[in-house]
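Text of protein.txt, listed as compact mmCIF, C-alpha atoms and all ligand atoms:
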```txt
# COMPACT_ATOMS: atom_id res chain seq x y z
CA MET A 1 25.68 66.53 -42.75
CA PHE A 2 26.43 69.81 -44.47
CA LYS A 3 26.97 69.15 -48.12
CA LEU A 4 26.82 72.90 -48.69
CA PHE A 5 29.88 73.40 -46.60
CA LYS A 6 31.97 70.70 -48.12
CA PRO A 7 34.15 73.17 -50.06
CA VAL A 8 35.04 75.30 -47.06
CA LEU A 9 35.21 73.14 -43.98
CA ALA A 10 38.42 71.30 -43.17
CA ASN A 11 39.87 72.34 -46.54
CA GLY A 12 37.21 70.41 -48.41
CA ASP A 13 37.22 67.30 -46.21
CA ILE A 14 34.21 66.49 -44.09
CA ALA A 15 35.81 64.71 -41.17
CA GLY A 16 35.20 63.98 -37.49
CA MET A 17 31.67 63.87 -36.09
CA LEU A 18 29.85 67.19 -36.12
CA PHE A 19 30.03 67.79 -39.86
CA SER A 20 30.17 64.24 -41.16
CA SER A 21 27.46 61.71 -41.91
CA GLY A 22 26.92 58.10 -42.98
CA LYS A 23 29.47 55.40 -42.19
CA ASN A 24 32.24 57.86 -41.30
CA TRP A 25 30.03 59.63 -38.71
CA GLN A 26 28.79 56.31 -37.31
CA GLU A 27 32.29 54.93 -36.77
CA GLN A 28 33.69 58.16 -35.34
CA ARG A 29 30.74 58.77 -33.01
CA ARG A 30 30.65 55.19 -31.71
CA PHE A 31 34.38 55.24 -31.03
CA SER A 32 34.33 58.69 -29.38
CA LEU A 33 31.44 57.82 -27.09
CA HIS A 34 33.09 54.57 -26.07
CA VAL A 35 36.46 56.15 -25.32
CA LEU A 36 35.09 59.24 -23.65
CA LYS A 37 32.85 57.14 -21.44
CA ASP A 38 35.67 54.85 -20.37
CA LEU A 39 38.29 57.56 -20.28
CA GLY A 40 36.40 60.61 -19.24
CA LEU A 41 32.77 61.53 -19.78
CA GLY A 42 30.67 60.68 -16.77
CA LYS A 43 33.62 59.04 -15.08
CA GLU A 44 35.96 59.83 -12.24
CA ILE A 45 38.76 61.17 -14.35
CA SER A 46 36.79 64.02 -15.90
CA GLU A 47 35.27 64.92 -12.54
CA LYS A 48 38.79 65.11 -11.10
CA LEU A 49 39.96 67.34 -13.95
CA ILE A 50 36.91 69.60 -13.67
CA ALA A 51 37.41 69.99 -9.92
CA GLU A 52 41.11 70.82 -10.44
CA GLU A 53 40.29 73.47 -13.04
CA ALA A 54 37.49 74.91 -10.87
CA LYS A 55 39.80 75.17 -7.86
CA GLU A 56 42.55 76.78 -9.91
CA LEU A 57 40.05 79.28 -11.31
CA CYS A 58 38.85 80.21 -7.80
CA ASP A 59 42.45 80.54 -6.55
CA GLU A 60 43.20 82.92 -9.40
CA LEU A 61 40.01 84.91 -8.93
CA GLU A 62 40.84 85.49 -5.27
CA ALA A 63 43.39 88.10 -6.34
CA HIS A 64 40.65 90.00 -8.21
CA THR A 65 37.95 90.40 -5.57
CA GLY A 66 36.44 93.89 -5.59
CA GLU A 67 37.45 94.51 -9.22
CA ALA A 68 35.16 94.88 -12.22
CA LEU A 69 35.60 91.50 -13.92
CA ASN A 70 34.85 90.27 -17.37
CA MET A 71 34.31 86.66 -16.31
CA VAL A 72 34.54 85.30 -19.83
CA ASP A 73 38.31 86.00 -19.76
CA TYR A 74 38.74 83.64 -16.82
CA LEU A 75 36.06 81.01 -17.21
CA TRP A 76 36.53 80.21 -20.85
CA VAL A 77 40.13 79.02 -20.47
CA SER A 78 39.24 76.79 -17.51
CA VAL A 79 36.44 75.10 -19.46
CA PHE A 80 38.66 74.80 -22.53
CA ASN A 81 41.41 73.19 -20.45
CA VAL A 82 39.10 70.48 -19.08
CA LEU A 83 38.44 69.33 -22.65
CA TRP A 84 42.00 69.84 -23.81
CA ARG A 85 43.45 67.77 -20.96
CA ILE A 86 41.05 64.90 -21.75
CA VAL A 87 41.90 65.09 -25.43
CA SER A 88 45.66 65.70 -25.31
CA SER A 89 46.86 65.84 -21.66
CA GLU A 90 47.99 69.40 -22.38
CA LYS A 91 46.89 72.65 -20.80
CA LEU A 92 47.07 76.17 -22.19
CA GLY A 93 47.72 79.43 -20.35
CA ARG A 94 45.28 82.31 -20.18
CA ASP A 95 47.41 84.49 -22.44
CA ASP A 96 48.09 81.84 -25.06
CA GLU A 97 47.40 83.17 -28.58
CA ARG A 98 45.56 79.97 -29.51
CA VAL A 99 43.15 80.37 -26.60
CA LYS A 100 42.61 84.01 -27.57
CA SER A 101 41.83 83.01 -31.15
CA LEU A 102 39.32 80.41 -30.01
CA MET A 103 37.74 82.88 -27.60
CA SER A 104 37.33 85.45 -30.32
CA ILE A 105 35.36 82.84 -32.26
CA PHE A 106 32.95 82.25 -29.38
CA ALA A 107 32.73 85.21 -27.04
CA PRO A 108 30.59 88.16 -28.23
CA LYS A 109 32.35 91.49 -27.82
CA ASN A 110 29.24 93.68 -27.89
CA ASP A 111 25.48 93.59 -27.50
CA SER A 112 24.95 92.93 -31.20
CA GLY A 113 26.37 89.52 -30.35
CA ASP A 114 28.56 89.34 -33.41
CA THR A 115 31.12 86.59 -33.19
CA VAL A 116 32.89 84.79 -35.94
CA LEU A 117 31.05 81.59 -34.98
CA LYS A 118 27.67 83.26 -34.81
CA ASN A 119 28.08 84.59 -38.32
CA LEU A 120 29.19 81.19 -39.55
CA LEU A 121 26.33 79.37 -37.83
CA THR A 122 23.80 81.88 -39.07
CA SER A 123 24.98 81.31 -42.58
CA ILE A 124 24.65 77.55 -42.11
CA GLY A 125 21.16 78.10 -40.77
CA LEU A 126 20.03 80.29 -43.63
CA PRO A 127 20.88 78.57 -46.88
CA ALA A 128 19.74 81.66 -48.82
CA MET A 129 22.53 83.59 -47.13
CA TYR A 130 25.02 80.90 -47.85
CA PHE A 131 26.24 82.20 -51.15
CA LEU A 132 27.06 85.66 -49.82
CA SER A 133 28.26 84.56 -46.43
CA ARG A 134 30.76 82.06 -47.71
CA PHE A 135 32.87 84.97 -48.90
CA PHE A 136 32.72 86.82 -45.58
CA ASN A 137 31.89 84.74 -42.53
CA VAL A 138 33.53 81.49 -43.46
CA ASP A 139 36.56 83.37 -44.62
CA SER A 140 36.82 85.21 -41.30
CA PHE A 141 36.28 81.90 -39.45
CA MET A 142 39.22 80.39 -41.31
CA LYS A 143 41.35 83.50 -40.79
CA THR A 144 40.69 83.42 -37.04
CA ILE A 145 41.61 79.75 -36.89
CA GLN A 146 44.79 80.48 -38.84
CA LYS A 147 45.70 83.52 -36.71
CA GLY A 148 46.32 81.39 -33.65
CA ASP A 149 47.59 78.58 -35.89
CA ILE A 150 45.12 76.27 -34.25
CA THR A 151 45.26 73.69 -37.03
CA GLY A 152 49.08 73.69 -36.89
CA TYR A 153 48.95 73.22 -33.14
CA ILE A 154 46.48 70.33 -33.39
CA LEU A 155 48.73 68.66 -35.97
CA SER A 156 51.81 69.10 -33.76
CA VAL A 157 49.94 67.53 -30.82
CA MET A 158 49.00 64.58 -33.05
CA GLU A 159 52.60 64.15 -34.23
CA HIS A 160 54.00 64.33 -30.71
CA HIS A 161 51.51 61.68 -29.58
CA GLU A 162 52.45 59.39 -32.48
CA LYS A 163 56.15 59.64 -31.56
CA THR A 164 55.65 59.04 -27.84
CA PHE A 165 52.76 56.55 -27.99
CA GLN A 166 53.01 53.55 -25.64
CA ASP A 167 50.47 50.82 -26.03
CA ASP A 168 50.44 49.92 -22.34
CA SER A 169 49.87 53.43 -20.96
CA LYS A 170 47.38 55.43 -22.94
CA ARG A 171 47.28 59.00 -21.75
CA ASP A 172 44.25 60.55 -23.42
CA PHE A 173 41.77 60.60 -26.32
CA VAL A 174 44.49 61.03 -28.97
CA ASP A 175 46.31 57.92 -27.70
CA PHE A 176 43.12 55.86 -27.90
CA PHE A 177 42.62 57.05 -31.47
CA ILE A 178 46.20 56.07 -32.39
CA GLU A 179 45.61 52.62 -30.90
CA GLU A 180 42.45 52.21 -33.00
CA ALA A 181 44.34 53.37 -36.11
CA GLN A 182 47.12 50.86 -35.46
CA LYS A 183 44.60 48.03 -35.22
CA GLY A 184 43.88 48.86 -38.87
CA GLY A 185 40.27 47.68 -38.67
CA LYS A 186 37.87 50.44 -39.61
CA GLU A 187 38.59 52.46 -42.70
CA SER A 188 37.87 55.86 -41.16
CA PHE A 189 40.77 55.41 -38.72
CA ARG A 190 43.42 54.34 -41.22
CA GLY A 191 46.14 56.46 -42.88
CA LEU A 192 45.31 59.94 -44.12
CA GLU A 193 41.58 59.40 -43.59
CA GLY A 194 42.27 58.62 -39.93
CA ARG A 195 44.41 61.73 -39.46
CA LYS A 196 41.70 63.92 -40.99
CA ASN A 197 39.11 62.38 -38.71
CA LEU A 198 41.23 62.88 -35.59
CA ARG A 199 41.86 66.50 -36.54
CA GLY A 200 38.12 66.88 -37.19
CA LEU A 201 37.13 65.31 -33.87
CA ILE A 202 39.43 67.57 -31.88
CA GLY A 203 37.95 70.58 -33.66
CA ASP A 204 34.43 69.25 -32.96
CA PHE A 205 35.02 68.97 -29.24
CA PHE A 206 36.09 72.60 -29.08
CA ALA A 207 33.46 73.93 -31.46
CA ALA A 208 30.64 71.95 -29.86
CA GLY A 209 31.83 71.60 -26.27
CA GLY A 210 33.85 74.64 -25.21
CA GLY A 211 31.76 77.71 -25.98
CA THR A 212 28.45 75.97 -25.19
CA THR A 213 29.54 74.96 -21.69
CA ALA A 214 31.36 78.22 -20.89
CA THR A 215 28.28 80.18 -21.99
CA GLY A 216 26.04 77.93 -19.87
CA LEU A 217 28.19 78.78 -16.86
CA LEU A 218 28.16 82.49 -17.65
CA PHE A 219 24.36 82.45 -17.90
CA THR A 220 24.12 80.63 -14.55
CA ILE A 221 26.35 83.28 -12.94
CA MET A 222 24.21 86.05 -14.44
CA TYR A 223 20.98 84.55 -13.11
CA LEU A 224 22.52 84.12 -9.65
CA ILE A 225 23.53 87.80 -9.68
CA LYS A 226 20.13 88.94 -10.91
CA TYR A 227 18.31 86.81 -8.31
CA PRO A 228 20.40 87.14 -5.10
CA GLU A 229 17.72 85.32 -3.08
CA VAL A 230 18.24 82.28 -5.33
CA GLN A 231 22.00 82.58 -4.86
CA ASP A 232 21.55 82.66 -1.06
CA LYS A 233 19.34 79.57 -1.15
CA VAL A 234 21.89 77.62 -3.20
CA VAL A 235 24.67 78.67 -0.82
CA GLN A 236 22.62 77.56 2.18
CA GLU A 237 22.04 74.18 0.57
CA ILE A 238 25.74 73.74 -0.22
CA ASN A 239 26.87 74.81 3.24
CA GLY A 240 24.31 72.53 4.86
CA ILE A 241 26.10 69.59 3.28
CA THR A 242 29.75 70.57 3.38
CA GLY A 243 29.84 72.80 6.47
CA ARG A 244 32.36 74.64 4.27
CA SER A 245 34.92 71.94 4.99
CA ARG A 246 35.07 70.50 1.47
CA GLN A 247 33.86 71.04 -2.09
CA LEU A 248 30.81 69.32 -3.54
CA GLY A 249 31.20 66.55 -6.12
CA THR A 250 28.68 64.82 -8.34
CA SER A 251 28.06 62.16 -5.67
CA ASP A 252 26.41 64.99 -3.66
CA MET A 253 23.93 65.79 -6.44
CA ALA A 254 21.25 63.60 -4.89
CA ARG A 255 21.33 65.84 -1.81
CA THR A 256 21.19 69.21 -3.60
CA PRO A 257 17.74 69.38 -5.20
CA TYR A 258 17.60 73.18 -5.25
CA THR A 259 21.06 73.61 -6.84
CA ASN A 260 20.15 71.03 -9.49
CA ALA A 261 16.85 72.83 -10.13
CA VAL A 262 18.57 76.19 -10.58
CA ILE A 263 21.04 74.73 -13.08
CA LEU A 264 18.23 73.04 -15.05
CA GLU A 265 16.09 76.18 -15.05
CA VAL A 266 18.99 78.24 -16.43
CA ILE A 267 19.48 75.66 -19.21
CA ARG A 268 15.77 76.03 -20.02
CA MET A 269 15.80 79.82 -19.92
CA ARG A 270 18.97 80.17 -21.96
CA ASP A 271 17.75 78.08 -24.85
CA ARG A 272 14.13 79.13 -24.76
CA ASP A 273 14.19 80.34 -28.35
CA ALA A 274 17.18 78.60 -29.89
CA LEU A 275 17.34 76.22 -32.82
CA ILE A 276 19.39 73.05 -33.00
CA ILE A 277 22.24 72.67 -35.49
CA PRO A 278 20.51 71.98 -38.82
CA HIS A 279 20.11 68.40 -39.95
CA HIS A 280 20.02 67.18 -43.53
CA ALA A 281 17.55 64.52 -44.68
CA SER A 282 19.61 61.79 -46.34
CA ALA A 283 16.43 60.14 -47.69
CA SER A 284 12.78 61.08 -48.24
CA GLY A 285 10.27 59.98 -45.63
CA TRP A 286 7.29 60.82 -43.43
CA VAL A 287 7.51 62.30 -39.94
CA GLY A 288 3.96 62.15 -38.58
CA LYS A 289 1.82 63.98 -41.14
CA TYR A 290 4.76 65.76 -42.78
CA PHE A 291 6.56 64.51 -45.88
CA ILE A 292 10.26 65.40 -45.81
CA PRO A 293 11.91 65.22 -49.24
CA LYS A 294 15.51 64.05 -49.53
CA ASP A 295 18.11 66.81 -49.02
CA THR A 296 15.79 69.02 -46.95
CA ILE A 297 17.60 71.08 -44.31
CA ILE A 298 15.73 70.61 -41.03
CA HIS A 299 15.81 72.92 -38.01
CA MET A 300 14.51 71.63 -34.70
CA SER A 301 13.24 74.35 -32.40
CA LYS A 302 14.29 74.09 -28.76
CA GLY A 303 11.90 76.94 -28.02
CA ALA A 304 8.89 74.93 -29.21
CA VAL A 305 9.44 72.77 -26.12
CA LEU A 306 11.34 74.93 -23.64
CA HIS A 307 9.22 78.03 -24.01
CA ASN A 308 5.86 76.37 -24.51
CA ALA A 309 3.10 76.95 -21.95
CA GLU A 310 1.79 73.43 -22.67
CA HIS A 311 4.97 72.05 -21.12
CA PHE A 312 6.01 74.76 -18.64
CA ASP A 313 3.76 77.03 -16.62
CA GLU A 314 4.60 80.69 -17.27
CA PRO A 315 7.52 79.66 -19.46
CA GLY A 316 9.06 83.16 -19.53
CA LYS A 317 9.45 83.22 -15.74
CA PHE A 318 12.69 82.15 -14.05
CA ASN A 319 11.38 79.71 -11.48
CA PRO A 320 13.71 76.92 -10.27
CA GLU A 321 10.96 75.66 -7.95
CA ARG A 322 9.16 74.23 -11.00
CA PHE A 323 11.70 71.38 -10.82
CA ILE A 324 11.10 70.58 -7.13
CA ASP A 325 8.26 68.21 -6.19
CA GLY A 326 5.99 68.26 -3.13
CA ASP A 327 8.54 66.23 -1.13
CA GLY A 328 11.33 68.67 -1.91
CA LYS A 329 12.91 66.27 -4.41
CA PHE A 330 14.51 67.35 -7.70
CA ILE A 331 12.49 66.63 -10.87
CA ASN A 332 14.99 66.01 -13.66
CA ASP A 333 12.49 66.93 -16.37
CA PRO A 334 13.60 65.13 -19.56
CA LYS A 335 11.91 67.80 -21.73
CA VAL A 336 14.75 70.21 -20.89
CA GLY A 337 17.08 67.64 -22.45
CA ILE A 338 16.12 69.05 -25.87
CA ALA A 339 18.73 71.73 -25.10
CA PHE A 340 21.22 68.95 -25.95
CA GLY A 341 19.46 67.87 -29.14
CA MET A 342 17.33 64.88 -30.04
CA GLY A 343 17.76 61.52 -31.67
CA LYS A 344 20.87 59.83 -32.94
CA ARG A 345 22.94 63.00 -33.03
CA ARG A 346 22.08 64.09 -29.51
CA CYS A 347 25.02 65.78 -27.78
CA PRO A 348 27.59 63.22 -26.62
CA GLY A 349 28.95 65.75 -24.09
CA GLU A 350 25.74 66.25 -22.08
CA THR A 351 26.91 64.37 -18.98
CA MET A 352 30.18 66.19 -18.97
CA ALA A 353 28.53 69.59 -19.51
CA ARG A 354 26.10 69.02 -16.63
CA MET A 355 28.98 67.93 -14.42
CA GLU A 356 30.95 71.06 -15.30
CA LEU A 357 27.99 73.34 -14.55
CA TYR A 358 27.53 71.73 -11.14
CA ILE A 359 31.15 71.64 -10.07
CA PHE A 360 32.19 75.09 -11.31
CA ILE A 361 29.12 76.80 -9.83
CA THR A 362 29.35 75.11 -6.43
CA HIS A 363 33.10 75.85 -6.23
CA LEU A 364 32.55 79.52 -7.10
CA LEU A 365 29.69 79.93 -4.61
CA ASP A 366 31.66 78.29 -1.83
CA ARG A 367 34.38 80.91 -2.17
CA PHE A 368 32.64 84.06 -3.44
CA ILE A 369 29.51 86.17 -3.37
CA LEU A 370 28.63 86.89 -7.00
CA LYS A 371 27.62 90.52 -7.52
CA ALA A 372 26.77 92.88 -10.33
CA HIS A 373 29.16 95.63 -11.31
CA GLY A 374 26.75 98.52 -11.10
CA ASP A 375 22.99 98.13 -10.82
CA PRO A 376 21.83 94.49 -11.19
CA LYS A 377 18.75 95.89 -12.96
CA ASP A 378 21.02 96.76 -15.90
CA LEU A 379 22.18 93.17 -16.27
CA SER A 380 20.36 91.82 -19.32
CA LEU A 381 19.55 88.10 -19.37
CA GLU A 382 18.26 88.34 -22.92
CA PRO A 383 20.21 85.80 -24.98
CA LEU A 384 22.02 86.79 -28.14
CA HIS A 385 20.39 84.58 -30.73
CA SER A 386 22.19 82.12 -32.90
CA MET A 387 22.40 78.35 -33.27
CA ILE A 388 23.99 78.62 -29.83
CA ASN A 389 22.49 81.28 -27.56
CA PHE A 390 25.25 83.47 -26.18
CA ASN A 391 25.07 85.81 -23.20
CA LYS A 392 25.45 89.56 -23.62
CA PRO A 393 28.86 90.79 -22.46
CA PHE A 394 28.74 91.90 -18.80
CA LYS A 395 30.98 92.97 -15.95
CA MET A 396 30.66 91.59 -12.43
CA MET A 397 32.33 91.69 -9.03
CA LEU A 398 33.36 89.02 -6.58
CA GLU A 399 33.39 89.35 -2.80
CA ALA A 400 35.29 86.75 -0.80
CA ARG A 401 32.90 84.76 1.38
CA ALA A 402 33.81 85.10 5.07
C1 LIG B 1 25.90 73.22 -22.04
C2 LIG B 1 26.69 72.58 -22.88
C3 LIG B 1 26.28 71.94 -24.19
C4 LIG B 1 25.14 72.11 -24.94
C5 LIG B 1 23.92 73.00 -24.64
C6 LIG B 1 25.28 71.27 -26.11
C7 LIG B 1 24.32 71.14 -27.09
C8 LIG B 1 24.47 70.39 -28.24
C9 LIG B 1 23.48 70.28 -29.29
C10 LIG B 1 22.11 70.99 -29.30
C11 LIG B 1 23.99 69.47 -30.26
C12 LIG B 1 23.30 69.09 -31.58
C13 LIG B 1 22.51 67.85 -31.43
C14 LIG B 1 21.77 67.51 -32.69
O1 LIG B 1 22.30 67.77 -33.80
O2 LIG B 1 20.67 66.95 -32.61
C15 LIG B 1 25.30 69.04 -29.82
C16 LIG B 1 26.12 68.19 -30.53
C17 LIG B 1 27.40 67.87 -30.16
N1 LIG B 1 28.01 68.18 -28.95
FE1 LIG B 1 27.21 69.28 -27.45
N2 LIG B 1 26.48 70.61 -26.04
C18 LIG B 1 27.13 70.98 -24.89
C19 LIG B 1 28.36 70.51 -24.44
C20 LIG B 1 29.17 69.63 -25.10
C21 LIG B 1 30.46 69.11 -24.62
C22 LIG B 1 31.07 69.41 -23.24
C23 LIG B 1 30.99 68.35 -25.64
C24 LIG B 1 32.32 67.64 -25.67
C25 LIG B 1 32.66 66.62 -25.11
C26 LIG B 1 30.04 68.37 -26.74
C27 LIG B 1 30.22 67.71 -27.96
C28 LIG B 1 29.30 67.66 -28.98
C29 LIG B 1 29.52 66.98 -30.26
C30 LIG B 1 30.82 66.29 -30.69
C31 LIG B 1 28.33 67.10 -30.98
C32 LIG B 1 28.05 66.55 -32.38
C33 LIG B 1 27.33 65.19 -32.29
C34 LIG B 1 27.01 64.56 -33.62
O3 LIG B 1 26.91 65.27 -34.63
O4 LIG B 1 26.86 63.31 -33.67
N3 LIG B 1 28.96 69.14 -26.38
N4 LIG B 1 25.55 69.61 -28.58
```

Can I see the file as structure tokens?
Ligand code: HEM
Amino acid sequence: MFKLFKPVLANGDIAGMLFSSGKNWQEQRRFSLHVLKDLGLGKEISEKLIAEEAKELCDELEAHTGEALNMVDYLWVSVFNVLWRIVSSEKLGRDDERVKSLMSIFAPKNDSGDTVLKNLLTSIGLPAMYFLSRFFNVDSFMKTIQKGDITGYILSVMEHHEKTFQDDSKRDFVDFFIEEAQKGGKESFRGLEGRKNLRGLIGDFFAAGGGTTATGLLFTIMYLIKYPEVQDKVVQEINGITGRSRQLGTSDMARTPYTNAVILEVIRMRDRDALIIPHHASASGWVGKYFIPKDTIIHMSKGAVLHNAEHFDEPGKFNPERFIDGDGKFINDPKVGIAFGMGKRRCPGETMARMELYIFITHLLDRFILKAHGDPKDLSLEPLHSMINFNKPFKMMLEARA
């Protein structure tokens, strides 16, 4: 996909899914979707893992009620661990250097929104900046990755899996990949090529799946703090179903129209002016009345749909009710799906991300009242713009629900 980045990504190798194209991308994407569907995405096992991580997060947060919290420090690791357990069956601690390195790539430290990833993505998005940025942003991206020795860790996980692999009890994504490699069928799974692709895929899941989902959760928390009446309504809906005797799961989604609407409206608001990862035209062709020459870099605008008055009444207004029909039923408006991309490269983690948003938020609201630290008026919901819209750093407080 990104010819420009060939020299700097993955030490010159375009591997995995996010940055590859053609036959390699096709084989890797098809395989990943198949395995993640059977093994995890949209299935019981990932829901179980998400619920475990959400419960553990709430248990840990209980010791911090009444304190000024930087939620990113807690939430990010839990989201990361859902993915990491599916991929490798391993789990990392909150203070692990590798987690800290990854967090410093994603989580903005100040209102300017500068993160290593943002700078890298901006340079991908602006080819004119590419020449200059490759010396600064990409270099700092690589340095951050090296600081926590993330590549070394990924390689050690791959080696450990190869040594302990058992055909009749596959543990996780890496095991399924090893099985495919041993079959020796498709070229992109064999030998060195296969190892590069597995390393690339693992990196893709974190780059594309960790920060995006954690930030989605942080935005949802911020909106619930800013609009306490919306928070109360969600809590009433949850309690009406569980009577506070259990946690909600995805099988309850059909009975929680308002909670679903709030989550969808936050997705819409968060990405109201974001662009999608740039695509590269591999051949010339017409799209409607536009001629796209080969090698054009194409940006799709999420904002052109999500923040367009033709599609959404008063698009700048936070209004979950827009997704509730006259009978009180949830309208799962497919237009909001553009937040996950369009076409053949649409996000393969959408189901999992939506599941995580639902389960983490309902777990948190069952146990805590989410409050601002200081005046809620000072909480800014303005996204920090990049290829991924980040939230501005904020502090909050939790009060245990009686
Ligand atoms: C709220 C959470 C998420 C959002 C908003 C999001 C959004 C996106 C978007 C906009 C794209 C680009 C689509 C395109 O190029 O047309 C993408 C691609 C991708 N996403 Fe997600 N994503 C999220 C969560 C996840 C999760 C949880 C995973 C991991 C399982 C994931 C894995 C990927 C991968 C691997 C790609 C590259 C697909 C390809 O190039 O074929 N994403 N995502």

Residue neighbourhood segment 360-367 of chain A, 10 Å, all atoms listed in the file, exclusion window fewer than 3 positions, as an mmCIF file with C-alpha atoms, in the coordinates of the input:
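So selection_39.cif came out as:
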```
data_model
loop_
_atom_site.group_PDB
_atom_site.id
_atom_site.type_symbol
_atom_site.label_atom_id
_atom_site.label_comp_id
_atom_site.auth_asym_id
_atom_site.auth_seq_id
_atom_site.Cartn_x
_atom_site.Cartn_y
_atom_site.Cartn_z
ATOM 1 C CA ILE A 50 36.910 69.600 -13.670
ATOM 2 C CA ALA A 51 37.410 69.990 -9.920
ATOM 3 C CA GLU A 52 41.110 70.820 -10.440
ATOM 4 C CA GLU A 53 40.290 73.470 -13.040
ATOM 5 C CA ALA A 54 37.490 74.910 -10.870
ATOM 6 C CA LYS A 55 39.800 75.170 -7.860
ATOM 7 C CA LEU A 57 40.050 79.280 -11.310
ATOM 8 C CA CYS A 58 38.850 80.210 -7.800
ATOM 9 C CA ASP A 59 42.450 80.540 -6.550
ATOM 10 C CA LEU A 61 40.010 84.910 -8.930
ATOM 11 C CA GLU A 62 40.840 85.490 -5.270
ATOM 12 C CA LEU A 75 36.060 81.010 -17.210
ATOM 13 C CA SER A 78 39.240 76.790 -17.510
ATOM 14 C CA VAL A 79 36.440 75.100 -19.460
ATOM 15 C CA LEU A 217 28.190 78.780 -16.860
ATOM 16 C CA LEU A 218 28.160 82.490 -17.650
ATOM 17 C CA THR A 220 24.120 80.630 -14.550
ATOM 18 C CA ILE A 221 26.350 83.280 -12.940
ATOM 19 C CA LEU A 224 22.520 84.120 -9.650
ATOM 20 C CA GLN A 231 22.000 82.580 -4.860
ATOM 21 C CA ASP A 232 21.550 82.660 -1.060
ATOM 22 C CA VAL A 234 21.890 77.620 -3.200
ATOM 23 C CA VAL A 235 24.670 78.670 -0.820
ATOM 24 C CA GLN A 236 22.620 77.560 2.180
ATOM 25 C CA ILE A 238 25.740 73.740 -0.220
ATOM 26 C CA ASN A 239 26.870 74.810 3.240
ATOM 27 C CA THR A 242 29.750 70.570 3.380
ATOM 28 C CA ARG A 244 32.360 74.640 4.270
ATOM 29 C CA SER A 245 34.920 71.940 4.990
ATOM 30 C CA ARG A 246 35.070 70.500 1.470
ATOM 31 C CA GLN A 247 33.860 71.040 -2.090
ATOM 32 C CA LEU A 248 30.810 69.320 -3.540
ATOM 33 C CA GLY A 249 31.200 66.550 -6.120
ATOM 34 C CA THR A 259 21.060 73.610 -6.840
ATOM 35 C CA ILE A 263 21.040 74.730 -13.080
ATOM 36 C CA MET A 355 28.980 67.930 -14.420
ATOM 37 C CA GLU A 356 30.950 71.060 -15.300
ATOM 38 C CA LEU A 357 27.990 73.340 -14.550
ATOM 39 C CA LEU A 370 28.630 86.890 -7.000
ATOM 40 C CA LEU A 398 33.360 89.020 -6.580
ATOM 41 C CA GLU A 399 33.390 89.350 -2.800
ATOM 42 C CA ALA A 400 35.290 86.750 -0.800
ATOM 43 C CA ARG A 401 32.900 84.760 1.380
ATOM 44 C CA ALA A 402 33.810 85.100 5.070
#
```

Checklist entry - For the atom pair atom CA of Lys226 of chain A and atom C21 of ligand LIG 1 (chain B), what is the interatomic distance in Å to one decimal place? => result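 Interatomic distance here is 26.2 Å.
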
Checklist entry - Near segment 281-286 of chain A, within 10 Å and counting only C-alpha atoms, which residues show up once chain neighbours fewer than 2 positions away are dropped, as number ranges by chain? => result A: 1, 21-22, 278-279, 288-298

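Computed from the coordinates, the atom CA of His280 of chain A to atom CA of Leu33 of chain A distance equals 22.1 Å.
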
Checklist outcome for this item: If you count all atoms listed in the file, the residue of A:Ile277, A:His161, A:Asp325, A:Gly303 closest to Gly341 of chain A turns out to be A:Ile277

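Excluding Glu193 of chain A itself and same-chain residues fewer than 3 positions from it, the residues having an atom within 12 Å of it are Asp13, Ile14, Ala15, Gly16, Asn24, Gln28, Ala181, Gly184, Lys186, Glu187, Ser188, Phe189, Arg190, Lys196, Asn197, Leu198, Arg199 and Gly200 of chain A, counting all atoms listed in the file.
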